[in-house]
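Listing of entry-v6.pdb, PDB, C-alpha atoms and all ligand atoms
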```pdb
ATOM      1  CA  MET J   1    -121.911-110.910   7.661  1.00  0.00           C
ATOM      2  CA  SER J   2    -122.755-108.154  10.102  1.00  0.00           C
ATOM      3  CA  SER J   3    -122.685-104.512   9.021  1.00  0.00           C
ATOM      4  CA  ARG J   4    -119.456-102.580   9.572  1.00  0.00           C
ATOM      5  CA  ILE J   5    -121.471 -99.388  10.103  1.00  0.00           C
ATOM      6  CA  PRO J   6    -122.240 -98.925  13.807  1.00  0.00           C
ATOM      7  CA  SER J   7    -125.918 -98.294  14.535  1.00  0.00           C
ATOM      8  CA  ILE J   8    -125.287 -95.163  16.578  1.00  0.00           C
ATOM      9  CA  GLY J   9    -127.763 -92.366  15.885  1.00  0.00           C
ATOM     10  CA  HIS J  10    -125.301 -89.507  15.787  1.00  0.00           C
ATOM     11  CA  VAL J  11    -123.850 -87.726  12.768  1.00  0.00           C
ATOM     12  CA  GLN J  12    -120.378 -88.120  14.302  1.00  0.00           C
ATOM     13  CA  VAL J  13    -120.439 -91.682  12.949  1.00  0.00           C
ATOM     14  CA  PHE J  14    -120.801 -90.347   9.414  1.00  0.00           C
ATOM     15  CA  GLN J  15    -118.133 -87.732  10.049  1.00  0.00           C
ATOM     16  CA  LYS J  16    -115.719 -90.475  11.094  1.00  0.00           C
ATOM     17  CA  MET J  17    -116.454 -92.523   7.978  1.00  0.00           C
ATOM     18  CA  LEU J  18    -115.918 -89.471   5.763  1.00  0.00           C
ATOM     19  CA  LEU J  19    -112.671 -88.540   7.536  1.00  0.00           C
ATOM     20  CA  GLU J  20    -111.367 -92.076   7.069  1.00  0.00           C
ATOM     21  CA  GLU J  21    -111.924 -91.792   3.322  1.00  0.00           C
ATOM     22  CA  SER J  22    -110.703 -88.201   3.022  1.00  0.00           C
ATOM     23  CA  LEU J  23    -107.425 -88.063   4.941  1.00  0.00           C
ATOM     24  CA  GLN J  24    -104.055 -89.697   4.627  1.00  0.00           C
ATOM     25  CA  GLU J  25    -100.648 -89.549   6.294  1.00  0.00           C
ATOM     26  CA  GLY J  26     -98.913 -86.247   5.807  1.00  0.00           C
ATOM     27  CA  ASP J  27    -102.032 -84.114   5.268  1.00  0.00           C
ATOM     28  CA  ARG J  28    -102.370 -80.617   6.713  1.00  0.00           C
ATOM     29  CA  VAL J  29    -105.644 -80.146   8.591  1.00  0.00           C
ATOM     30  CA  LEU J  30    -107.483 -77.471  10.501  1.00  0.00           C
ATOM     31  CA  ASP J  31    -109.728 -77.649  13.560  1.00  0.00           C
ATOM     32  CA  ALA J  32    -111.602 -74.327  13.674  1.00  0.00           C
ATOM     33  CA  THR J  33    -113.043 -74.942  17.177  1.00  0.00           C
ATOM     34  CA  VAL J  34    -110.720 -77.125  19.272  1.00  0.00           C
ATOM     35  CA  GLY J  35    -112.880 -77.111  22.442  1.00  0.00           C
ATOM     36  CA  ASN J  36    -111.576 -79.964  24.602  1.00  0.00           C
ATOM     37  CA  GLY J  37    -109.406 -81.345  21.797  1.00  0.00           C
ATOM     38  CA  HIS J  38    -111.365 -84.466  20.930  1.00  0.00           C
ATOM     39  CA  ASP J  39    -111.646 -83.652  17.213  1.00  0.00           C
ATOM     40  CA  SER J  40    -108.063 -82.359  17.039  1.00  0.00           C
ATOM     41  CA  LEU J  41    -106.720 -85.635  18.401  1.00  0.00           C
ATOM     42  CA  MET J  42    -108.850 -87.602  15.966  1.00  0.00           C
ATOM     43  CA  LEU J  43    -107.558 -85.509  13.045  1.00  0.00           C
ATOM     44  CA  LEU J  44    -103.940 -86.002  14.156  1.00  0.00           C
ATOM     45  CA  GLU J  45    -104.462 -89.779  14.292  1.00  0.00           C
ATOM     46  CA  TYR J  46    -105.550 -89.710  10.643  1.00  0.00           C
ATOM     47  CA  VAL J  47    -102.682 -87.542   9.378  1.00  0.00           C
ATOM     48  CA  GLY J  48     -99.941 -89.309  11.375  1.00  0.00           C
ATOM     49  CA  PRO J  49     -96.590 -87.896  12.513  1.00  0.00           C
ATOM     50  CA  THR J  50     -95.825 -86.357   9.107  1.00  0.00           C
ATOM     51  CA  GLY J  51     -99.101 -84.427   8.995  1.00  0.00           C
ATOM     52  CA  PHE J  52     -99.832 -81.118  10.700  1.00  0.00           C
ATOM     53  CA  LEU J  53    -102.798 -79.636  12.550  1.00  0.00           C
ATOM     54  CA  ILE J  54    -103.661 -75.988  13.114  1.00  0.00           C
ATOM     55  CA  GLY J  55    -106.338 -75.374  15.733  1.00  0.00           C
ATOM     56  CA  PHE J  56    -108.315 -72.303  16.801  1.00  0.00           C
ATOM     57  CA  ASP J  57    -110.386 -71.435  19.840  1.00  0.00           C
ATOM     58  CA  VAL J  58    -111.308 -68.103  21.391  1.00  0.00           C
ATOM     59  CA  GLN J  59    -111.147 -69.547  24.915  1.00  0.00           C
ATOM     60  CA  ARG J  60    -107.680 -69.749  26.488  1.00  0.00           C
ATOM     61  CA  GLU J  61    -108.867 -72.667  28.643  1.00  0.00           C
ATOM     62  CA  ALA J  62    -109.955 -74.637  25.573  1.00  0.00           C
ATOM     63  CA  VAL J  63    -106.585 -74.071  23.909  1.00  0.00           C
ATOM     64  CA  GLU J  64    -104.688 -75.172  27.029  1.00  0.00           C
ATOM     65  CA  ASN J  65    -106.917 -78.249  27.552  1.00  0.00           C
ATOM     66  CA  THR J  66    -106.367 -79.237  23.948  1.00  0.00           C
ATOM     67  CA  ARG J  67    -102.616 -78.688  24.222  1.00  0.00           C
ATOM     68  CA  SER J  68    -102.425 -81.031  27.256  1.00  0.00           C
ATOM     69  CA  LYS J  69    -104.611 -83.629  25.601  1.00  0.00           C
ATOM     70  CA  LEU J  70    -102.479 -83.700  22.449  1.00  0.00           C
ATOM     71  CA  GLU J  71     -99.173 -83.678  24.335  1.00  0.00           C
ATOM     72  CA  GLN J  72    -100.336 -86.503  26.602  1.00  0.00           C
ATOM     73  CA  ALA J  73    -101.082 -88.494  23.458  1.00  0.00           C
ATOM     74  CA  GLY J  74     -97.470 -87.873  22.327  1.00  0.00           C
ATOM     75  CA  LYS J  75     -98.296 -85.393  19.569  1.00  0.00           C
ATOM     76  CA  ASN J  76     -96.085 -82.429  18.715  1.00  0.00           C
ATOM     77  CA  ASN J  77     -97.046 -81.693  15.101  1.00  0.00           C
ATOM     78  CA  PHE J  78     -99.609 -78.993  15.804  1.00  0.00           C
ATOM     79  CA  GLN J  79    -100.054 -75.258  16.336  1.00  0.00           C
ATOM     80  CA  LEU J  80    -102.862 -73.893  18.529  1.00  0.00           C
ATOM     81  CA  ILE J  81    -104.065 -70.326  18.144  1.00  0.00           C
ATOM     82  CA  CYS J  82    -106.094 -68.512  20.781  1.00  0.00           C
ATOM     83  CA  ASP J  83    -108.065 -66.192  18.536  1.00  0.00           C
ATOM     84  CA  THR J  84    -111.300 -66.181  16.578  1.00  0.00           C
ATOM     85  CA  HIS J  85    -111.331 -68.388  13.481  1.00  0.00           C
ATOM     86  CA  ALA J  86    -112.601 -65.265  11.665  1.00  0.00           C
ATOM     87  CA  GLU J  87    -108.894 -64.285  11.632  1.00  0.00           C
ATOM     88  CA  LEU J  88    -107.946 -67.565   9.947  1.00  0.00           C
ATOM     89  CA  GLY J  89    -106.349 -65.917   6.897  1.00  0.00           C
ATOM     90  CA  LYS J  90    -103.949 -64.019   9.142  1.00  0.00           C
ATOM     91  CA  TYR J  91    -102.436 -67.229  10.528  1.00  0.00           C
ATOM     92  CA  VAL J  92    -102.985 -69.881   7.857  1.00  0.00           C
ATOM     93  CA  LEU J  93    -101.025 -69.096   4.724  1.00  0.00           C
ATOM     94  CA  GLU J  94    -100.636 -72.507   3.074  1.00  0.00           C
ATOM     95  CA  PRO J  95    -103.487 -74.551   1.600  1.00  0.00           C
ATOM     96  CA  PHE J  96    -104.748 -77.579   3.527  1.00  0.00           C
ATOM     97  CA  GLN J  97    -106.533 -80.844   2.874  1.00  0.00           C
ATOM     98  CA  GLY J  98    -109.396 -80.536   5.309  1.00  0.00           C
ATOM     99  CA  ALA J  99    -111.066 -78.551   8.062  1.00  0.00           C
ATOM    100  CA  LEU J 100    -113.606 -79.285  10.769  1.00  0.00           C
ATOM    101  CA  PHE J 101    -115.992 -76.728  12.256  1.00  0.00           C
ATOM    102  CA  ASN J 102    -117.683 -78.258  15.290  1.00  0.00           C
ATOM    103  CA  LEU J 103    -119.958 -75.350  16.139  1.00  0.00           C
ATOM    104  CA  GLY J 104    -121.987 -74.331  19.182  1.00  0.00           C
ATOM    105  CA  TYR J 105    -120.535 -74.322  22.690  1.00  0.00           C
ATOM    106  CA  LEU J 106    -118.634 -76.755  24.856  1.00  0.00           C
ATOM    107  CA  PRO J 107    -121.209 -78.830  26.788  1.00  0.00           C
ATOM    108  CA  THR J 108    -118.830 -78.957  29.758  1.00  0.00           C
ATOM    109  CA  GLY J 109    -117.733 -75.309  29.527  1.00  0.00           C
ATOM    110  CA  ASN J 110    -118.989 -71.755  29.188  1.00  0.00           C
ATOM    111  CA  LYS J 111    -122.285 -72.023  27.272  1.00  0.00           C
ATOM    112  CA  GLY J 112    -122.182 -68.282  26.626  1.00  0.00           C
ATOM    113  CA  CYS J 113    -119.148 -68.812  24.437  1.00  0.00           C
ATOM    114  CA  THR J 114    -120.922 -70.135  21.388  1.00  0.00           C
ATOM    115  CA  THR J 115    -119.974 -69.756  17.740  1.00  0.00           C
ATOM    116  CA  LEU J 116    -121.955 -67.100  15.864  1.00  0.00           C
ATOM    117  CA  TRP J 117    -122.935 -66.990  12.222  1.00  0.00           C
ATOM    118  CA  THR J 118    -121.079 -63.817  11.171  1.00  0.00           C
ATOM    119  CA  SER J 119    -117.677 -65.051  12.325  1.00  0.00           C
ATOM    120  CA  THR J 120    -118.441 -68.640  11.294  1.00  0.00           C
ATOM    121  CA  LYS J 121    -119.305 -67.471   7.761  1.00  0.00           C
ATOM    122  CA  SER J 122    -116.148 -65.396   7.511  1.00  0.00           C
ATOM    123  CA  ALA J 123    -114.032 -68.370   8.649  1.00  0.00           C
ATOM    124  CA  ILE J 124    -115.744 -70.830   6.294  1.00  0.00           C
ATOM    125  CA  ASP J 125    -115.224 -68.405   3.375  1.00  0.00           C
ATOM    126  CA  GLN J 126    -111.518 -68.151   4.148  1.00  0.00           C
ATOM    127  CA  ALA J 127    -111.227 -71.926   4.601  1.00  0.00           C
ATOM    128  CA  MET J 128    -112.914 -72.513   1.225  1.00  0.00           C
ATOM    129  CA  ASN J 129    -110.299 -70.266  -0.407  1.00  0.00           C
ATOM    130  CA  LEU J 130    -107.438 -72.182   1.208  1.00  0.00           C
ATOM    131  CA  LEU J 131    -108.726 -75.673   0.422  1.00  0.00           C
ATOM    132  CA  LEU J 132    -106.700 -77.998  -1.810  1.00  0.00           C
ATOM    133  CA  PRO J 133    -108.500 -79.656  -4.742  1.00  0.00           C
ATOM    134  CA  ASN J 134    -110.410 -82.698  -3.382  1.00  0.00           C
ATOM    135  CA  GLY J 135    -110.105 -81.196   0.083  1.00  0.00           C
ATOM    136  CA  PHE J 136    -113.062 -81.054   2.474  1.00  0.00           C
ATOM    137  CA  ILE J 137    -114.737 -78.919   5.113  1.00  0.00           C
ATOM    138  CA  GLY J 138    -117.002 -80.634   7.651  1.00  0.00           C
ATOM    139  CA  VAL J 139    -119.392 -78.392   9.579  1.00  0.00           C
ATOM    140  CA  MET J 140    -121.387 -79.773  12.496  1.00  0.00           C
ATOM    141  CA  THR J 141    -124.303 -77.606  13.622  1.00  0.00           C
ATOM    142  CA  TYR J 142    -126.440 -77.822  16.755  1.00  0.00           C
ATOM    143  CA  PRO J 143    -129.976 -76.635  15.935  1.00  0.00           C
ATOM    144  CA  GLY J 144    -131.223 -77.976  19.304  1.00  0.00           C
ATOM    145  CA  HIS J 145    -130.602 -74.564  20.900  1.00  0.00           C
ATOM    146  CA  ASP J 146    -131.781 -71.157  19.657  1.00  0.00           C
ATOM    147  CA  SER J 147    -128.579 -69.575  18.395  1.00  0.00           C
ATOM    148  CA  GLY J 148    -127.536 -72.966  16.989  1.00  0.00           C
ATOM    149  CA  MET J 149    -130.789 -73.148  15.021  1.00  0.00           C
ATOM    150  CA  GLU J 150    -130.183 -69.689  13.585  1.00  0.00           C
ATOM    151  CA  GLU J 151    -126.592 -70.566  12.700  1.00  0.00           C
ATOM    152  CA  ASP J 152    -127.741 -73.808  11.041  1.00  0.00           C
ATOM    153  CA  LEU J 153    -130.314 -71.990   8.888  1.00  0.00           C
ATOM    154  CA  GLU J 154    -127.747 -69.410   7.785  1.00  0.00           C
ATOM    155  CA  ILE J 155    -125.197 -72.095   6.934  1.00  0.00           C
ATOM    156  CA  ARG J 156    -127.711 -74.092   4.935  1.00  0.00           C
ATOM    157  CA  GLY J 157    -128.791 -70.969   3.043  1.00  0.00           C
ATOM    158  CA  PHE J 158    -125.199 -70.024   2.291  1.00  0.00           C
ATOM    159  CA  PHE J 159    -124.120 -73.536   1.232  1.00  0.00           C
ATOM    160  CA  ALA J 160    -127.215 -74.026  -0.936  1.00  0.00           C
ATOM    161  CA  GLN J 161    -126.112 -71.221  -3.270  1.00  0.00           C
ATOM    162  CA  VAL J 162    -122.428 -72.132  -3.604  1.00  0.00           C
ATOM    163  CA  ASN J 163    -121.399 -72.830  -7.214  1.00  0.00           C
ATOM    164  CA  GLN J 164    -121.677 -76.591  -7.758  1.00  0.00           C
ATOM    165  CA  LYS J 165    -118.934 -76.493 -10.384  1.00  0.00           C
ATOM    166  CA  GLU J 166    -116.470 -75.525  -7.644  1.00  0.00           C
ATOM    167  CA  PHE J 167    -117.771 -77.339  -4.567  1.00  0.00           C
ATOM    168  CA  GLN J 168    -120.069 -80.234  -3.749  1.00  0.00           C
ATOM    169  CA  ILE J 169    -121.973 -79.922  -0.485  1.00  0.00           C
ATOM    170  CA  ALA J 170    -124.048 -82.601   1.225  1.00  0.00           C
ATOM    171  CA  GLN J 171    -126.191 -82.388   4.340  1.00  0.00           C
ATOM    172  CA  ILE J 172    -126.486 -85.359   6.690  1.00  0.00           C
ATOM    173  CA  GLU J 173    -129.126 -85.435   9.403  1.00  0.00           C
ATOM    174  CA  PHE J 174    -131.295 -87.839  11.377  1.00  0.00           C
ATOM    175  CA  ILE J 175    -134.879 -87.035  10.451  1.00  0.00           C
ATOM    176  CA  ASN J 176    -136.786 -89.087  13.039  1.00  0.00           C
ATOM    177  CA  GLN J 177    -135.113 -87.891  16.230  1.00  0.00           C
ATOM    178  CA  LYS J 178    -136.693 -85.366  18.568  1.00  0.00           C
ATOM    179  CA  ASN J 179    -135.154 -82.065  19.767  1.00  0.00           C
ATOM    180  CA  ASN J 180    -133.419 -81.112  16.494  1.00  0.00           C
ATOM    181  CA  PRO J 181    -130.270 -83.276  16.676  1.00  0.00           C
ATOM    182  CA  PRO J 182    -126.895 -82.104  15.266  1.00  0.00           C
ATOM    183  CA  LYS J 183    -126.443 -81.952  11.486  1.00  0.00           C
ATOM    184  CA  LEU J 184    -123.349 -82.426   9.406  1.00  0.00           C
ATOM    185  CA  TYR J 185    -122.547 -80.492   6.239  1.00  0.00           C
ATOM    186  CA  TRP J 186    -119.789 -81.970   4.108  1.00  0.00           C
ATOM    187  CA  LEU J 187    -118.194 -79.792   1.464  1.00  0.00           C
ATOM    188  CA  THR J 188    -115.619 -81.022  -1.041  1.00  0.00           C
ATOM    189  CA  LYS J 189    -113.670 -78.931  -3.496  1.00  0.00           C
ATOM    190  CA  ARG J 190    -113.831 -80.187  -7.056  1.00  0.00           C
ATOM    191  CA  THR J 191    -110.639 -80.566  -9.052  1.00  0.00           C
TER
HETATM  192  N1  LIG P 201    -114.373 -79.689  18.607  1.00  0.00           N
HETATM  193  C1  LIG P 201    -114.534 -79.570  20.044  1.00  0.00           C
HETATM  194  C2  LIG P 201    -115.891 -79.002  20.454  1.00  0.00           C
HETATM  195  C3  LIG P 201    -116.116 -77.586  19.988  1.00  0.00           C
HETATM  196  S1  LIG P 201    -117.347 -76.695  20.900  1.00  0.00           S
HETATM  197  C4  LIG P 201    -114.210 -80.891  20.723  1.00  0.00           C
HETATM  198  O1  LIG P 201    -113.867 -81.876  20.069  1.00  0.00           O
HETATM  199  O2  LIG P 201    -114.250 -80.917  21.942  1.00  0.00           O
HETATM  200  C5  LIG P 201    -117.213 -75.101  20.195  1.00  0.00           C
HETATM  201  C6  LIG P 201    -115.952 -74.330  20.546  1.00  0.00           C
HETATM  202  O3  LIG P 201    -115.916 -73.185  19.698  1.00  0.00           O
HETATM  203  C7  LIG P 201    -115.875 -73.793  21.990  1.00  0.00           C
HETATM  204  O4  LIG P 201    -114.735 -74.293  22.615  1.00  0.00           O
HETATM  205  C8  LIG P 201    -115.781 -72.250  21.812  1.00  0.00           C
HETATM  206  O5  LIG P 201    -114.878 -71.644  22.702  1.00  0.00           O
HETATM  207  C9  LIG P 201    -115.257 -72.147  20.382  1.00  0.00           C
HETATM  208  N2  LIG P 201    -115.551 -70.873  19.699  1.00  0.00           N
HETATM  209  C10 LIG P 201    -116.642 -70.079  19.814  1.00  0.00           C
HETATM  210  N3  LIG P 201    -116.542 -69.024  18.976  1.00  0.00           N
HETATM  211  C11 LIG P 201    -115.341 -69.147  18.319  1.00  0.00           C
HETATM  212  C12 LIG P 201    -114.652 -68.354  17.344  1.00  0.00           C
HETATM  213  N4  LIG P 201    -115.213 -67.242  16.839  1.00  0.00           N
HETATM  214  N5  LIG P 201    -113.446 -68.776  16.921  1.00  0.00           N
HETATM  215  C13 LIG P 201    -112.889 -69.917  17.402  1.00  0.00           C
HETATM  216  N6  LIG P 201    -113.486 -70.699  18.336  1.00  0.00           N
HETATM  217  C14 LIG P 201    -114.704 -70.328  18.788  1.00  0.00           C
END
```

structure tokens encoding of this file:
Amino acid sequence: MSSRIPSIGHVQVFQKMLLEESLQEGDRVLDATVGNGHDSLMLLEYVGPTGFLIGFDVQREAVENTRSKLEQAGKNNFQLICDTHAELGKYVLEPFQGALFNLGYLPTGNKGCTTLWTSTKSAIDQAMNLLLPNGFIGVMTYPGHDSGMEEDLEIRGFFAQVNQKEFQIAQIEFINQKNNPPKLYWLTKRT
């Protein structure tokens, strides 16, 4: 029997497998960096019509592109917020099952508009406080560029000292690829 795990050397494959195991119909989810809406659409597919997605992006264009993408796919169970995810607690008042932080910048957009550690940390902190038991936060970092490398180091340092009785945090990375490929951190809240 052939393997059901595709042999694609990108951490997105692992993210997909983890999302499949972590989400079900009706869940509330958060996309902290909607970008062009790819991750938001994927999350909405997992949570179905009874679920709900809240998405953030600082760029108006990203929010509008995501809105069109989701509407074209027939989705209406979402709210998009054009503001920094550092203000998450102002908009998100109810706990949720999972959140994705796909960091860095949009490869097809304004590369100057990249996520930065101070606001990322603030948003992750707030998301951790709003997470349901057994809920997850997936953080994808891009150490292949300078500010992405710095952000990755800060995130690793922060996650490494989080109390293991409250959260479990794994790091997934390809170790034999050149140019510092993306990494995935996967946090789950213990019950
Ligand atoms: N998940 C996206 C890709 C995200 S790229 C997709 O599937 O296409 C990173 C995004 O983070 C960019 O769109 C950028 O505008 C956004 N961003 C940068 N800083 C941010 C901040 N402080 N708060 C929210 N979004 C931010």

Would you translate the PyMOL selection byres (((chain J and resi 190) around 12) and not hetatm) into the concrete set of residues it matches in this file, as a PDB file with C-alpha atoms, in the frame of the given file?
```pdb
ATOM      1  CA  MET J 128    -112.914 -72.513   1.225  1.00  0.00           C
ATOM      2  CA  LEU J 131    -108.726 -75.673   0.422  1.00  0.00           C
ATOM      3  CA  LEU J 132    -106.700 -77.998  -1.810  1.00  0.00           C
ATOM      4  CA  PRO J 133    -108.500 -79.656  -4.742  1.00  0.00           C
ATOM      5  CA  ASN J 134    -110.410 -82.698  -3.382  1.00  0.00           C
ATOM      6  CA  GLY J 135    -110.105 -81.196   0.083  1.00  0.00           C
ATOM      7  CA  PHE J 136    -113.062 -81.054   2.474  1.00  0.00           C
ATOM      8  CA  ASN J 163    -121.399 -72.830  -7.214  1.00  0.00           C
ATOM      9  CA  GLN J 164    -121.677 -76.591  -7.758  1.00  0.00           C
ATOM     10  CA  LYS J 165    -118.934 -76.493 -10.384  1.00  0.00           C
ATOM     11  CA  GLU J 166    -116.470 -75.525  -7.644  1.00  0.00           C
ATOM     12  CA  PHE J 167    -117.771 -77.339  -4.567  1.00  0.00           C
ATOM     13  CA  GLN J 168    -120.069 -80.234  -3.749  1.00  0.00           C
ATOM     14  CA  ILE J 169    -121.973 -79.922  -0.485  1.00  0.00           C
ATOM     15  CA  LEU J 187    -118.194 -79.792   1.464  1.00  0.00           C
ATOM     16  CA  THR J 188    -115.619 -81.022  -1.041  1.00  0.00           C
ATOM     17  CA  LYS J 189    -113.670 -78.931  -3.496  1.00  0.00           C
ATOM     18  CA  THR J 191    -110.639 -80.566  -9.052  1.00  0.00           C
TER      19      THR J 191
END
```

Q) Counting only C-alpha atoms and all ligand atoms, which of J:Leu93, J:Ile124, J:Val58, J:Leu80 gets nearest to ligand LIG 201 (chain P)? A) J:Val58

Residues within 6 Å of ligand LIG 201 (chain P), counting only C-alpha atoms and all ligand atoms, as an mmCIF file with C-alpha atoms, in the frame of the given file:
```cif
data_model
loop_
_atom_site.group_PDB
_atom_site.id
_atom_site.type_symbol
_atom_site.label_atom_id
_atom_site.label_comp_id
_atom_site.auth_asym_id
_atom_site.auth_seq_id
_atom_site.Cartn_x
_atom_site.Cartn_y
_atom_site.Cartn_z
ATOM 1 C CA ALA J 32 -111.602 -74.327 13.674
ATOM 2 C CA THR J 33 -113.043 -74.942 17.177
ATOM 3 C CA VAL J 34 -110.720 -77.125 19.272
ATOM 4 C CA GLY J 35 -112.880 -77.111 22.442
ATOM 5 C CA ASN J 36 -111.576 -79.964 24.602
ATOM 6 C CA GLY J 37 -109.406 -81.345 21.797
ATOM 7 C CA HIS J 38 -111.365 -84.466 20.930
ATOM 8 C CA ASP J 39 -111.646 -83.652 17.213
ATOM 9 C CA PHE J 56 -108.315 -72.303 16.801
ATOM 10 C CA ASP J 57 -110.386 -71.435 19.840
ATOM 11 C CA VAL J 58 -111.308 -68.103 21.391
ATOM 12 C CA GLN J 59 -111.147 -69.547 24.915
ATOM 13 C CA ALA J 62 -109.955 -74.637 25.573
ATOM 14 C CA THR J 84 -111.300 -66.181 16.578
ATOM 15 C CA HIS J 85 -111.331 -68.388 13.481
ATOM 16 C CA ASN J 102 -117.683 -78.258 15.290
ATOM 17 C CA LEU J 103 -119.958 -75.350 16.139
ATOM 18 C CA GLY J 104 -121.987 -74.331 19.182
ATOM 19 C CA TYR J 105 -120.535 -74.322 22.690
ATOM 20 C CA LEU J 106 -118.634 -76.755 24.856
ATOM 21 C CA CYS J 113 -119.148 -68.812 24.437
ATOM 22 C CA THR J 114 -120.922 -70.135 21.388
ATOM 23 C CA THR J 115 -119.974 -69.756 17.740
ATOM 24 C CA SER J 119 -117.677 -65.051 12.325
#
```

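Between Glu25 of chain J and the candidates J:Asn179, J:Leu44, J:Gln79, J:Gly144, the tightest atom-to-atom separation, counting all atoms listed in the file, involves J:Leu44.
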
Q) Expanded to explicit residues, what is the PyMOL selection byres (((chain J and resi 143) around 7) and not hetatm) for this file, as an NGL selection string? A) :J and (141-142 or 144-146 or 148-149 or 152 or 180-182)

Keeping C-alpha atoms, export the residues of the selection given above as a PDB file, keeping the file's coordinate frame.
```
ATOM      1  CA  THR J 141    -124.303 -77.606  13.622  1.00  0.00           C
ATOM      2  CA  TYR J 142    -126.440 -77.822  16.755  1.00  0.00           C
ATOM      3  CA  GLY J 144    -131.223 -77.976  19.304  1.00  0.00           C
ATOM      4  CA  HIS J 145    -130.602 -74.564  20.900  1.00  0.00           C
ATOM      5  CA  ASP J 146    -131.781 -71.157  19.657  1.00  0.00           C
ATOM      6  CA  GLY J 148    -127.536 -72.966  16.989  1.00  0.00           C
ATOM      7  CA  MET J 149    -130.789 -73.148  15.021  1.00  0.00           C
ATOM      8  CA  ASP J 152    -127.741 -73.808  11.041  1.00  0.00           C
ATOM      9  CA  ASN J 180    -133.419 -81.112  16.494  1.00  0.00           C
ATOM     10  CA  PRO J 181    -130.270 -83.276  16.676  1.00  0.00           C
ATOM     11  CA  PRO J 182    -126.895 -82.104  15.266  1.00  0.00           C
TER      12      PRO J 182
END
```

(Q) Just checking: using only C-alpha atoms, which residue out of J:Lys111, J:Arg60, J:Lys183, J:Lys69 ends up closest to Cys82 of chain J? (A)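 Using only C-alpha atoms, the shortest distance to Cys82 of chain J belongs to J:Arg60.
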
Q. Got a sec: who's within 10 Å of Gln12 of chain J, counting all atoms listed in the file, leaving out chain neighbours fewer than 2 positions off, as number ranges by chain?
A. J: 8-10, 14-18, 140, 182-184

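Picked by the PyMOL selection byres (((chain J and resi 98) around 8) and not hetatm) from the coordinates shown: Leu23, Arg28, Val29, Leu30, Phe96, Gln97, Ala99, Leu100, Leu131, Gly135, Phe136, Ile137 and Gly138 of chain J.
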
Could you save the residues just selected, with C-alpha atoms, as a PDB file, in the coordinates of the input?
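Resulting contents of result_4.pdb:
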```pdb
ATOM      1  CA  LEU J  23    -107.425 -88.063   4.941  1.00  0.00           C
ATOM      2  CA  ARG J  28    -102.370 -80.617   6.713  1.00  0.00           C
ATOM      3  CA  VAL J  29    -105.644 -80.146   8.591  1.00  0.00           C
ATOM      4  CA  LEU J  30    -107.483 -77.471  10.501  1.00  0.00           C
ATOM      5  CA  PHE J  96    -104.748 -77.579   3.527  1.00  0.00           C
ATOM      6  CA  GLN J  97    -106.533 -80.844   2.874  1.00  0.00           C
ATOM      7  CA  ALA J  99    -111.066 -78.551   8.062  1.00  0.00           C
ATOM      8  CA  LEU J 100    -113.606 -79.285  10.769  1.00  0.00           C
ATOM      9  CA  LEU J 131    -108.726 -75.673   0.422  1.00  0.00           C
ATOM     10  CA  GLY J 135    -110.105 -81.196   0.083  1.00  0.00           C
ATOM     11  CA  PHE J 136    -113.062 -81.054   2.474  1.00  0.00           C
ATOM     12  CA  ILE J 137    -114.737 -78.919   5.113  1.00  0.00           C
ATOM     13  CA  GLY J 138    -117.002 -80.634   7.651  1.00  0.00           C
TER      14      GLY J 138
END
```

Q) Closest to Ser122 of chain J among J:Glu94, J:Glu71, J:Glu151, J:Glu87, using all atoms listed in the file? A)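 The shortest atom-to-atom distance to Ser122 of chain J comes from J:Glu87.
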
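The space separating atom CA of Glu173 of chain J from atom CA of Tyr185 of chain J comes to 8.8 Å.
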
(Q) With 8 Å as the threshold, what does the neighbourhood of (-97.6, -93.4, 7.8) contain in terms of residues, counting only C-alpha atoms? Coordinates are those of the file; answer as an MDAnalysis selection string. (A) chainID J and resid 25:26 47:50

Store the residues of this selection in a file with C-alpha atoms, as an mmCIF file, in the frame of the given file.
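Output (result.cif):
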```cif
data_model
loop_
_atom_site.group_PDB
_atom_site.id
_atom_site.type_symbol
_atom_site.label_atom_id
_atom_site.label_comp_id
_atom_site.auth_asym_id
_atom_site.auth_seq_id
_atom_site.Cartn_x
_atom_site.Cartn_y
_atom_site.Cartn_z
ATOM 1 C CA GLU J 25 -100.648 -89.549 6.294
ATOM 2 C CA GLY J 26 -98.913 -86.247 5.807
ATOM 3 C CA VAL J 47 -102.682 -87.542 9.378
ATOM 4 C CA GLY J 48 -99.941 -89.309 11.375
ATOM 5 C CA PRO J 49 -96.590 -87.896 12.513
ATOM 6 C CA THR J 50 -95.825 -86.357 9.107
#
```

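In this model, the gap between atom CA of Gln177 of chain J and atom CA of Ile155 of chain J comes to 20.8 Å.
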
Q) In Å to one decimal, how far is atom CA of Val139 of chain J from atom CA of Leu70 of chain J? A)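 We find that atom CA of Leu70 of chain J and atom CA of Val139 of chain J lie 21.9 Å from each other.
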
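Candidate residues J:Leu116, J:Leu43, J:Val11, J:Ala123 were compared for distance to Gln24 of chain J, and the nearest is J:Leu43, using all atoms listed in the file.
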
Q. Taking into account all atoms listed in the file, which residue in the set J:Thr120, J:Asp31, J:Trp186, J:Asn176 is nearest to Thr66 of chain J?
A.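 Checking each of J:Thr120, J:Asp31, J:Trp186, J:Asn176 against Thr66 of chain J, counting all atoms listed in the file, the winner is J:Asp31.
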